[in-house]
$ cat coords08.tsv   # TSV, C-alpha atoms and all ligand atoms
chain	number	residue	atom	x	y	z
A	1	MET	CA	-15.66	31.13	-33.24
A	2	ASN	CA	-18.31	28.46	-33.80
A	3	ASP	CA	-20.51	27.14	-31.00
A	4	ARG	CA	-18.50	23.98	-30.42
A	5	LYS	CA	-15.23	25.91	-30.20
A	6	ARG	CA	-16.87	28.24	-27.72
A	7	ASP	CA	-18.17	25.31	-25.65
A	8	ALA	CA	-14.72	23.69	-25.67
A	9	ALA	CA	-13.16	26.96	-24.46
A	10	ARG	CA	-15.74	27.19	-21.68
A	11	LEU	CA	-15.06	23.59	-20.59
A	12	LEU	CA	-11.32	24.27	-20.42
A	13	ASP	CA	-12.12	27.29	-18.34
A	14	GLU	CA	-14.41	25.44	-15.95
A	15	ALA	CA	-12.44	22.20	-15.59
A	16	VAL	CA	-9.26	21.63	-13.61
A	17	VAL	CA	-7.15	20.84	-16.69
A	18	TRP	CA	-4.26	18.60	-15.73
A	19	ASP	CA	-1.47	17.08	-17.83
A	20	ASN	CA	0.13	14.39	-15.69
A	21	HIS	CA	3.48	14.02	-17.50
A	22	LEU	CA	5.54	16.62	-19.32
A	23	CYS	CA	9.29	16.52	-19.89
A	24	MET	CA	11.64	19.44	-19.46
A	25	PRO	CA	15.34	18.83	-20.13
A	26	LEU	CA	16.86	17.20	-17.05
A	27	ARG	CA	19.66	19.69	-16.49
A	28	ALA	CA	20.10	22.88	-14.51
A	29	ASP	CA	19.44	25.20	-17.41
A	30	ASP	CA	16.37	27.33	-17.91
A	31	ARG	CA	16.32	27.61	-21.67
A	32	PHE	CA	13.01	25.73	-21.94
A	33	LEU	CA	11.35	26.38	-18.57
A	34	PRO	CA	9.73	29.65	-19.74
A	35	GLU	CA	7.80	27.46	-22.19
A	36	LEU	CA	5.61	26.42	-19.25
A	37	GLU	CA	3.74	29.54	-20.30
A	38	ARG	CA	2.62	27.57	-23.36
A	39	CYS	CA	0.77	25.25	-20.98
A	40	ARG	CA	-0.94	28.13	-19.22
A	41	ALA	CA	-1.88	29.69	-22.55
A	42	SER	CA	-3.38	26.36	-23.69
A	43	GLY	CA	-5.75	26.23	-20.72
A	44	LEU	CA	-3.79	23.92	-18.42
A	45	ASP	CA	-4.09	24.42	-14.67
A	46	VAL	CA	-1.80	21.62	-13.43
A	47	VAL	CA	1.26	19.95	-14.94
A	48	SER	CA	3.45	17.16	-13.65
A	49	LEU	CA	7.10	17.65	-14.58
A	50	ASN	CA	9.33	14.61	-14.79
A	51	VAL	CA	12.45	14.82	-12.59
A	52	GLY	CA	14.17	11.57	-13.54
A	53	PHE	CA	13.84	8.15	-15.15
A	54	GLY	CA	15.49	4.80	-15.68
A	55	GLY	CA	18.97	4.45	-14.21
A	56	MET	CA	19.26	7.99	-12.85
A	57	ASP	CA	20.23	7.81	-9.18
A	58	TRP	CA	18.93	9.47	-6.03
A	59	VAL	CA	21.30	12.44	-6.16
A	60	GLU	CA	20.42	13.20	-9.79
A	61	HIS	CA	16.70	13.20	-8.96
A	62	VAL	CA	17.17	15.45	-5.94
A	63	LYS	CA	19.31	17.82	-8.01
A	64	MET	CA	16.53	18.21	-10.58
A	65	LEU	CA	13.92	18.77	-7.87
A	66	THR	CA	16.21	21.36	-6.29
A	67	TYR	CA	16.64	23.17	-9.58
A	68	PHE	CA	13.00	23.13	-10.71
A	69	ARG	CA	11.74	24.12	-7.26
A	70	ALA	CA	14.14	27.06	-7.03
A	71	TRP	CA	13.19	28.25	-10.52
A	72	LEU	CA	9.46	28.04	-9.74
A	73	ALA	CA	9.87	29.62	-6.28
A	74	ARG	CA	11.38	32.71	-7.89
A	75	ARG	CA	8.19	33.19	-9.93
A	76	PRO	CA	5.42	33.06	-7.33
A	77	ASP	CA	3.22	35.33	-9.44
A	78	ARG	CA	2.95	32.58	-12.08
A	79	TYR	CA	3.54	29.18	-10.51
A	80	VAL	CA	2.51	27.23	-7.44
A	81	MET	CA	4.38	24.18	-6.18
A	82	VAL	CA	1.58	21.91	-5.11
A	83	ARG	CA	1.32	20.36	-1.64
A	84	THR	CA	-2.41	19.81	-1.30
A	85	VAL	CA	-5.50	19.56	-3.46
A	86	ASP	CA	-6.53	22.96	-2.09
A	87	ASP	CA	-3.32	24.42	-3.55
A	88	ILE	CA	-4.58	23.34	-6.97
A	89	ARG	CA	-7.95	25.03	-6.55
A	90	ALA	CA	-6.30	28.19	-5.21
A	91	ALA	CA	-3.83	28.25	-8.11
A	92	LYS	CA	-6.65	27.96	-10.64
A	93	THR	CA	-8.60	30.78	-9.01
A	94	ALA	CA	-5.48	32.96	-9.05
A	95	GLY	CA	-4.68	32.08	-12.69
A	96	LYS	CA	-1.40	30.41	-11.78
A	97	LEU	CA	-0.03	27.13	-13.11
A	98	ALA	CA	0.15	24.44	-10.41
A	99	VAL	CA	3.17	22.15	-10.69
A	100	THR	CA	3.73	18.63	-9.36
A	101	PHE	CA	6.62	16.26	-10.14
A	102	ASP	CA	6.97	12.62	-11.14
A	103	VAL	CA	9.62	9.90	-11.02
A	104	GLU	CA	9.88	7.15	-13.65
A	105	GLY	CA	11.22	4.03	-11.96
A	106	MET	CA	12.20	3.03	-8.43
A	107	VAL	CA	15.98	3.00	-8.99
A	108	PRO	CA	16.59	6.19	-6.91
A	109	ILE	CA	14.89	4.63	-3.87
A	110	GLU	CA	17.57	1.87	-3.76
A	111	ASP	CA	16.49	0.04	-0.60
A	112	ASP	CA	15.83	3.09	1.51
A	113	LEU	CA	12.05	3.36	1.56
A	114	ASN	CA	12.28	6.55	3.68
A	115	ARG	CA	13.15	8.34	0.44
A	116	ILE	CA	9.53	7.98	-0.71
A	117	GLN	CA	8.41	10.40	2.01
A	118	LEU	CA	11.14	12.88	1.08
A	119	PHE	CA	10.17	12.71	-2.61
A	120	TYR	CA	6.58	13.35	-1.54
A	121	ASP	CA	7.61	16.30	0.60
A	122	LEU	CA	9.50	17.72	-2.41
A	123	GLY	CA	6.32	17.57	-4.53
A	124	VAL	CA	6.56	14.20	-6.30
A	125	ARG	CA	2.99	12.98	-6.87
A	126	TRP	CA	3.51	9.69	-8.68
A	127	MET	CA	6.23	7.10	-9.11
A	128	LEU	CA	6.25	4.15	-11.47
A	129	ILE	CA	7.85	0.78	-10.77
A	130	ALA	CA	10.28	0.19	-13.64
A	131	TYR	CA	11.24	2.31	-16.64
A	132	ASN	CA	11.36	-0.26	-19.47
A	133	GLU	CA	14.17	-2.21	-17.75
A	134	THR	CA	13.75	-4.53	-14.78
A	135	ASN	CA	14.99	-3.34	-11.38
A	136	LYS	CA	14.88	-4.60	-7.77
A	137	ILE	CA	11.22	-3.68	-7.42
A	138	GLY	CA	9.82	-5.31	-10.53
A	139	GLY	CA	9.94	-5.88	-14.27
A	140	GLY	CA	10.14	-3.34	-17.10
A	141	CYS	CA	7.99	-3.50	-20.23
A	142	GLN	CA	10.98	-3.97	-22.58
A	143	ASP	CA	12.80	-6.55	-20.45
A	144	ASP	CA	12.36	-10.00	-18.89
A	145	ASP	CA	9.77	-9.57	-16.17
A	146	PRO	CA	10.28	-11.63	-12.97
A	147	GLY	CA	7.21	-10.06	-11.33
A	148	LEU	CA	6.83	-7.84	-8.28
A	149	SER	CA	9.52	-8.46	-5.62
A	150	ASP	CA	9.14	-8.50	-1.85
A	151	LEU	CA	10.80	-5.09	-1.79
A	152	GLY	CA	8.20	-4.07	-4.38
A	153	ARG	CA	5.36	-5.01	-2.05
A	154	GLN	CA	7.01	-3.08	0.80
A	155	THR	CA	7.42	-0.11	-1.55
A	156	ILE	CA	3.72	-0.17	-2.46
A	157	ASP	CA	2.82	-0.29	1.24
A	158	GLU	CA	5.07	2.68	2.01
A	159	MET	CA	3.69	4.67	-0.94
A	160	ALA	CA	0.17	4.08	0.36
A	161	ARG	CA	1.21	5.23	3.83
A	162	VAL	CA	2.85	8.38	2.45
A	163	GLY	CA	0.01	9.18	0.01
A	164	MET	CA	2.08	8.78	-3.15
A	165	PRO	CA	0.07	7.44	-6.13
A	166	LEU	CA	1.47	4.27	-7.68
A	167	CYS	CA	1.91	4.28	-11.46
A	168	LEU	CA	2.48	1.23	-13.67
A	169	SER	CA	3.40	2.84	-16.99
A	170	HIS	CA	6.68	1.49	-18.50
A	171	THR	CA	6.31	-1.52	-16.16
A	172	GLY	CA	6.24	-5.16	-17.32
A	173	TYR	CA	2.80	-6.71	-17.76
A	174	ARG	CA	3.37	-9.44	-15.18
A	175	THR	CA	4.61	-7.00	-12.55
A	176	ALA	CA	1.73	-4.65	-13.38
A	177	ARG	CA	-0.81	-7.47	-12.94
A	178	GLU	CA	0.71	-8.41	-9.59
A	179	ALA	CA	0.84	-4.78	-8.44
A	180	LEU	CA	-2.82	-4.22	-9.39
A	181	GLU	CA	-3.68	-7.30	-7.39
A	182	TYR	CA	-1.63	-6.20	-4.38
A	183	ALA	CA	-2.35	-2.45	-4.18
A	184	LYS	CA	-5.24	-1.36	-2.02
A	185	GLY	CA	-6.04	2.07	-3.46
A	186	PRO	CA	-6.44	3.46	-6.97
A	187	VAL	CA	-3.50	2.79	-9.31
A	188	LEU	CA	-2.48	4.84	-12.36
A	189	PHE	CA	-1.13	4.16	-15.76
A	190	SER	CA	-0.03	7.78	-15.91
A	191	HIS	CA	0.94	7.71	-19.60
A	192	SER	CA	0.05	4.47	-21.42
A	193	ASN	CA	-2.07	3.82	-24.49
A	194	PRO	CA	-4.17	0.77	-25.37
A	195	LEU	CA	-2.26	-2.04	-27.04
A	196	ALA	CA	-5.41	-2.93	-29.00
A	197	LEU	CA	-4.96	0.24	-31.08
A	198	LYS	CA	-1.19	0.10	-31.51
A	199	ASP	CA	1.03	-2.89	-30.88
A	200	HIS	CA	4.00	-1.74	-28.80
A	201	PRO	CA	5.42	-2.96	-25.47
A	202	ARG	CA	4.88	0.54	-24.03
A	203	ASN	CA	1.14	0.14	-24.62
A	204	ILE	CA	-1.09	-1.93	-22.35
A	205	PRO	CA	-3.40	-4.89	-22.97
A	206	ASP	CA	-7.08	-4.77	-22.14
A	207	ASP	CA	-6.79	-6.76	-18.91
A	208	LEU	CA	-4.47	-4.08	-17.46
A	209	ILE	CA	-6.91	-1.35	-18.52
A	210	ASP	CA	-9.71	-3.29	-16.82
A	211	GLY	CA	-7.60	-3.98	-13.71
A	212	CYS	CA	-6.63	-0.31	-13.39
A	213	ALA	CA	-10.27	0.77	-13.63
A	214	ARG	CA	-11.24	-1.85	-11.03
A	215	THR	CA	-8.92	-0.15	-8.52
A	216	GLY	CA	-10.67	3.14	-9.29
A	217	GLY	CA	-7.57	4.27	-11.17
A	218	VAL	CA	-6.96	6.34	-14.29
A	219	ILE	CA	-5.19	5.61	-17.58
A	220	GLY	CA	-3.52	8.72	-19.02
A	221	ILE	CA	-3.35	8.76	-22.81
A	222	ASN	CA	0.05	9.93	-24.02
A	223	GLY	CA	0.72	12.00	-27.12
A	224	ILE	CA	3.73	10.14	-28.54
A	225	GLY	CA	2.97	9.45	-32.20
A	226	LYS	CA	4.70	6.07	-32.21
A	227	PHE	CA	2.50	4.87	-29.32
A	228	LEU	CA	-0.66	6.31	-30.87
A	229	GLY	CA	-0.22	4.92	-34.38
A	230	GLU	CA	2.18	5.28	-37.27
A	231	ASN	CA	3.99	8.25	-35.74
A	232	ASP	CA	0.66	10.05	-35.65
A	233	ALA	CA	0.32	12.61	-32.84
A	234	SER	CA	-2.80	14.23	-34.22
A	235	THR	CA	-5.71	15.18	-32.02
A	236	ALA	CA	-7.79	12.58	-33.89
A	237	ALA	CA	-5.32	9.85	-32.85
A	238	ILE	CA	-5.35	10.96	-29.20
A	239	VAL	CA	-9.13	11.05	-29.11
A	240	ARG	CA	-9.30	7.57	-30.70
A	241	HIS	CA	-7.29	6.23	-27.75
A	242	VAL	CA	-9.34	8.20	-25.21
A	243	ASP	CA	-12.52	6.84	-26.76
A	244	TYR	CA	-11.28	3.25	-26.71
A	245	VAL	CA	-10.52	3.33	-22.99
A	246	ALA	CA	-13.67	5.29	-22.16
A	247	ALA	CA	-15.85	2.84	-24.11
A	248	ARG	CA	-14.20	-0.09	-22.36
A	249	VAL	CA	-14.08	1.02	-18.72
A	250	GLY	CA	-15.84	4.38	-18.56
A	251	ALA	CA	-14.78	8.01	-19.01
A	252	ALA	CA	-14.08	8.29	-15.26
A	253	HIS	CA	-10.95	6.20	-15.84
A	254	VAL	CA	-9.32	8.27	-18.60
A	255	GLY	CA	-6.92	11.19	-18.33
A	256	LEU	CA	-4.29	12.95	-20.41
A	257	SER	CA	-0.51	12.99	-20.03
A	258	LEU	CA	0.91	14.08	-23.35
A	259	ASP	CA	4.54	13.21	-22.46
A	260	TYR	CA	5.49	16.29	-24.44
A	261	CYS	CA	9.22	16.80	-24.61
A	262	PHE	CA	10.17	20.47	-24.72
A	263	ASP	CA	13.71	19.86	-26.01
A	264	GLN	CA	13.01	17.50	-28.88
A	265	GLU	CA	16.53	17.76	-30.26
A	266	GLU	CA	17.96	16.45	-27.00
A	267	LEU	CA	15.46	13.59	-26.97
A	268	ALA	CA	16.38	12.57	-30.53
A	269	GLU	CA	20.09	12.58	-29.65
A	270	PHE	CA	19.48	10.58	-26.47
A	271	ILE	CA	17.50	7.91	-28.30
A	272	LYS	CA	20.12	7.68	-31.02
A	273	ALA	CA	22.92	7.36	-28.46
A	274	ASN	CA	21.13	4.55	-26.55
A	275	PRO	CA	19.96	2.00	-29.13
A	276	ASP	CA	20.13	-0.76	-26.49
A	277	LYS	CA	17.49	1.06	-24.42
A	278	PHE	CA	15.49	2.37	-27.40
A	279	PRO	CA	15.91	-0.34	-30.03
A	280	PRO	CA	15.10	0.63	-33.63
A	281	HIS	CA	13.09	-2.61	-34.05
A	282	LEU	CA	10.60	-1.22	-31.52
A	283	GLY	CA	10.13	1.78	-33.76
A	284	TYR	CA	12.34	4.20	-31.82
A	285	GLY	CA	14.33	5.20	-34.91
A	286	GLY	CA	13.64	8.28	-37.02
A	287	SER	CA	11.54	11.29	-36.18
A	288	PHE	CA	9.21	11.46	-33.18
A	289	ALA	CA	5.83	13.11	-33.63
A	290	MET	CA	4.54	14.50	-30.32
A	291	ALA	CA	1.27	16.07	-29.35
A	292	ALA	CA	1.78	19.55	-27.90
A	293	PRO	CA	-0.02	21.32	-25.03
A	294	GLU	CA	-1.64	23.56	-27.65
A	295	GLN	CA	-3.81	20.58	-28.65
A	296	TYR	CA	-5.89	20.65	-25.45
A	297	PRO	CA	-8.61	22.93	-26.87
A	298	GLU	CA	-8.86	20.69	-29.96
A	299	ILE	CA	-9.11	17.59	-27.77
A	300	ALA	CA	-12.02	19.12	-25.83
A	301	GLU	CA	-13.69	20.10	-29.08
A	302	ALA	CA	-13.22	16.63	-30.59
A	303	LEU	CA	-14.77	15.00	-27.50
A	304	LEU	CA	-17.78	17.32	-27.79
A	305	ARG	CA	-18.09	16.34	-31.45
A	306	LEU	CA	-18.14	12.67	-30.42
A	307	GLY	CA	-21.06	13.41	-28.13
A	308	TYR	CA	-19.32	13.09	-24.76
A	309	ASP	CA	-21.22	14.84	-22.03
A	310	GLU	CA	-19.61	17.84	-20.42
A	311	ARG	CA	-19.10	16.19	-17.05
A	312	ASP	CA	-17.14	13.34	-18.65
A	313	ILE	CA	-15.04	15.75	-20.71
A	314	LYS	CA	-14.11	17.72	-17.61
A	315	GLY	CA	-13.09	14.45	-15.96
A	316	ILE	CA	-10.90	13.46	-18.91
A	317	LEU	CA	-9.31	16.92	-19.05
A	318	GLY	CA	-8.20	16.65	-15.43
A	319	GLY	CA	-11.06	16.00	-13.02
A	320	ASN	CA	-10.19	12.32	-12.89
A	321	TRP	CA	-6.60	13.08	-11.79
A	322	LEU	CA	-8.07	15.42	-9.20
A	323	ARG	CA	-10.24	12.60	-7.86
A	324	ILE	CA	-7.14	10.40	-7.44
A	325	ALA	CA	-5.34	13.22	-5.63
A	326	GLU	CA	-8.28	13.64	-3.27
A	327	GLN	CA	-8.29	9.91	-2.55
A	328	VAL	CA	-4.57	9.20	-2.23
A	329	TRP	CA	-2.60	12.33	-1.23
A	330	ARG	CA	-2.08	13.05	2.45
A	401	ZN	ZN	7.61	7.81	-19.80
$ encode --input "coords08.tsv" --output "C-alpha cells"
Amino acid sequence: MNDRKRDAARLLDEAVVWDNHLCMPLRADDRFLPELERCRASGLDVVSLNVGFGGMDWVEHVKMLTYFRAWLARRPDRYVMVRTVDDIRAAKTAGKLAVTFDVEGMVPIEDDLNRIQLFYDLGVRWMLIAYNETNKIGGGCQDDDPGLSDLGRQTIDEMARVGMPLCLSHTGYRTAREALEYAKGPVLFSHSNPLALKDHPRNIPDDLIDGCARTGGVIGINGIGKFLGENDASTAAIVRHVDYVAARVGAAHVGLSLDYCFDQEELAEFIKANPDKFPPHLGYGGSFAMAAPEQYPEIAEALLRLGYDERDIKGILGGNWLRIAEQVWR
C-alpha cells in the first residue's frame, strides 16, 4: 500500500462517511439487502435508503419503510436505524452501519401535512419536492414548471418544524429557485451534478449551486454515468464534479450520494417500460454506468491527489451531511 492509499484509508476510518442516496429494490424481498455489507466493507458509516419516488402513493411508501425497518431490526448487531445524530456516532464506534431513509417527491403527502412528522418518526431524513414530473407542491425538472405552490410553502414550513431536511434534486429550476428563496434553513440537492459539466435536466445550473450554498446547504454528487458525462461513472468523473462544486462554492457544500442501484436489471427494465418518464432523447436509453460503494476509497485517494486538505475531504465524505443533520434534525 502506498502512502496516499494509506492516508485515504485513514481518512475513511476517521470521517463519518455518509452516502445520502442508495437504491434497494422497492419490494418486500431481501435478495439484495445483504449487499448493504458492501457499503460497510467500503468504509461507509451511514447510508440513506430510498423508500419511494414519483407517483408512488402513501401506502406504498409506508409498506417499504415497514419492510426495511423490520429487516434491519432483526439484525441489531450490524445495523442501526437512526433517530438522532448521536445514534450515528454510536453506530460508528460500534462498527455498525447507520441507516436513514429518503423520499423522492411529495406525492405521498397528498394534502395531509401531518404525514411529514410520521415519515420523520419512521426515519425519513430528506424529502424532495418533485420527481421529474410536476405535482401539487411544485415543478419537476423534466416537466413544465409552474413554480412553488401555496401548499409547497406550507410543506416547507412543516418540514422545518419537524426537522426534515428539504431536498431540491429532480425538482424544476423555477421551483428550486423559489424554494431556496423561501426556505429558512439549509437546503440540499441530495443527488445532483453541475449542469456546466454535463448538459442534462437532472443536473443543476450554477445559480442553484450558489443558492444552495448560500443557505448553508450541501450538493451531493451522484454516480450515474449519464449525469456525470458520456455514461462515465469513473472515480475521475465523480471527482471532476466534486471539484467543480468545491471550487465554486467551497468544499463545505459538497457531499456524495452515489444513487447506486443494487438491482440494475430491474432498473433497466423499469426505464425501458416507461419511455414517457425516461425519454430516450434525454439519454435514458441503453446501458447505465453507475459508481459503486466500492469507489469510496478511490474517491478519497483522488481528492488527496488533487491537494484537498484532510478536513475538507472528511467533510465531502460525510461530515457536511452530518453538519446539516446537526442543524436541521430535531
Ligand atoms: Zn433520484
$ residues_near_ligand --input "coords08.tsv" --ligand "ligand ZN 401 (chain A)" --cutoff "9 Å" --atoms "only C-alpha atoms and all ligand atoms" --output "PyMOL selection string"
chain A and resi 21+23+50+53+104+131-132+169-170+190-192+202+222+259
$ closest_residue --input "coords08.tsv" --among "A:Leu26, A:Ile224, A:Ala70, A:Ala325" --to "Ile238 (chain A)" --atoms "all atoms listed in the file"
A:Ile224
$ residues_near_point --input "coords08.tsv" --point "(-0.4, -4.0, -12.5)" --cutoff "10 Å" --atoms "all atoms listed in the file" --output "JSON, numbers by chain"
{"A": [129, 147, 148, 166, 167, 168, 169, 171, 172, 173, 174, 175, 176, 177, 178, 179, 180, 181, 182, 183, 187, 188, 189, 207, 208, 209, 211, 212]}
$ residues_around --input "coords08.tsv" --residues "Ile109 (chain A)" --least-positions-apart "4" --cutoff "7 Å" --atoms "all atoms listed in the file" --output "ChimeraX atom specification"
/A:58,113,115
$ write_last_selection --input "coords08.tsv" --atoms "C-alpha atoms" --output "compact mmCIF listing (two decimals), in the frame of the given file"
# COMPACT_ATOMS: atom_id res chain seq x y z
CA TRP A 58 18.93 9.47 -6.03
CA LEU A 113 12.05 3.36 1.56
CA ARG A 115 13.15 8.34 0.44
$ residues_around --input "coords08.tsv" --residues "Asp29 (chain A)" --least-positions-apart "4" --cutoff "10 Å" --atoms "all atoms listed in the file" --output "MDAnalysis selection string"
chainID A and resid 24:25 33 67:68 71
$ closest_residue --input "coords08.tsv" --among "A:Arg311, A:Lys63, A:Arg38, A:Arg323" --to "Pro186 (chain A)" --atoms "all atoms listed in the file"
A:Arg323
$ atom_distance --input "coords08.tsv" --atom1 "CA of Pro279 (chain A)" --atom2 "CA of Leu151 (chain A)"
29.1 Å
$ closest_residue --input "coords08.tsv" --among "A:Gly307, A:Gly163, A:Gly255, A:Gly216" --to "Val16 (chain A)" --atoms "only C-alpha atoms"
A:Gly255
$ closest_atom_pairs --input "coords08.tsv" --of "region 33-59 of chain A" --to "region 80-86 of chain A" --cutoff "12 Å" --atoms "all atoms listed in the file" --output "JSON lines"
{"residue": "A:Asp45", "atom": "CA", "partner": "A:Val80", "partner_atom": "CA", "distance": 10.2}
{"residue": "A:Val46", "atom": "CA", "partner": "A:Val82", "partner_atom": "CA", "distance": 9.0}
{"residue": "A:Val47", "atom": "CA", "partner": "A:Val82", "partner_atom": "CA", "distance": 10.0}
{"residue": "A:Ser48", "atom": "CA", "partner": "A:Val82", "partner_atom": "CA", "distance": 9.9}
{"residue": "A:Leu49", "atom": "CA", "partner": "A:Met81", "partner_atom": "CA", "distance": 11.0}
$ write_last_selection --input "coords08.tsv" --atoms "C-alpha atoms" --output "PDB file, keeping the file's coordinate frame"
ATOM      1  CA  ASP A  45      -4.090  24.420 -14.670  1.00  0.00           C
ATOM      2  CA  VAL A  46      -1.800  21.620 -13.430  1.00  0.00           C
ATOM      3  CA  VAL A  47       1.260  19.950 -14.940  1.00  0.00           C
ATOM      4  CA  SER A  48       3.450  17.160 -13.650  1.00  0.00           C
ATOM      5  CA  LEU A  49       7.100  17.650 -14.580  1.00  0.00           C
TER       6      LEU A  49
END
$ residues_around --input "coords08.tsv" --residues "Gly225 (chain A)" --least-positions-apart "5" --cutoff "10 Å" --atoms "only C-alpha atoms" --output "ChimeraX atom specification"
/A:230-234,237-238,287-291
$ atom_distance --input "coords08.tsv" --atom1 "CA of Gly250 (chain A)" --atom2 "CA of Ala236 (chain A)"
19.2 Å
$ closest_residue --input "coords08.tsv" --among "A:Lys226, A:Arg27, A:Lys198, A:Arg330" --to "Pro280 (chain A)" --atoms "all atoms listed in the file"
A:Lys226
$ residues_around --input "coords08.tsv" --residues "Tyr120 (chain A)" --least-positions-apart "4" --cutoff "8 Å" --atoms "all atoms listed in the file" --output "number ranges by chain"
A: 116, 124-125, 162-164
$ closest_residue --input "coords08.tsv" --among "A:His61, A:Arg69, A:His281, A:Arg31" --to "His200 (chain A)" --atoms "all atoms listed in the file"
A:His281
$ residues_around --input "coords08.tsv" --residues "Ala252 (chain A)" --least-positions-apart "5" --cutoff "12 Å" --atoms "only C-alpha atoms" --output "VMD selection string"
chain A and resid 212 to 220 242 to 243 245 to 247 308 to 309 311 to 324
$ atom_distance --input "coords08.tsv" --atom1 "CA of Gly54 (chain A)" --atom2 "CA of Gly105 (chain A)"
5.7 Å
$ residues_near_point --input "coords08.tsv" --point "(-18.0, 26.3, -32.0)" --cutoff "12 Å" --atoms "only C-alpha atoms" --output "list of chain:residue names"
A:Met1, A:Asn2, A:Asp3, A:Arg4, A:Lys5, A:Arg6, A:Asp7, A:Ala8, A:Ala9, A:Arg10, A:Pro297, A:Glu298, A:Ala300, A:Glu301, A:Ala302, A:Leu304, A:Arg305
$ decode --input "coords08.tsv" --residues "region 84-95 of chain A" --atoms "C-alpha atoms" --output "PDB file, in the first residue's frame"
ATOM      1  CA  THR A  84     -30.530  11.232  16.301  1.00  0.00           C
ATOM      2  CA  VAL A  85     -27.075  12.442  15.377  1.00  0.00           C
ATOM      3  CA  ASP A  86     -25.794  10.653  18.491  1.00  0.00           C
ATOM      4  CA  ASP A  87     -27.102   7.375  17.031  1.00  0.00           C
ATOM      5  CA  ILE A  88     -24.738   7.929  14.104  1.00  0.00           C
ATOM      6  CA  ARG A  89     -21.704   8.462  16.320  1.00  0.00           C
ATOM      7  CA  ALA A  90     -22.621   5.450  18.453  1.00  0.00           C
ATOM      8  CA  ALA A  91     -23.089   3.274  15.362  1.00  0.00           C
ATOM      9  CA  LYS A  92     -19.675   4.263  14.035  1.00  0.00           C
ATOM     10  CA  THR A  93     -17.998   3.494  17.351  1.00  0.00           C
ATOM     11  CA  ALA A  94     -19.710   0.096  17.425  1.00  0.00           C
ATOM     12  CA  GLY A  95     -18.795  -0.665  13.791  1.00  0.00           C
TER      13      GLY A  95
END
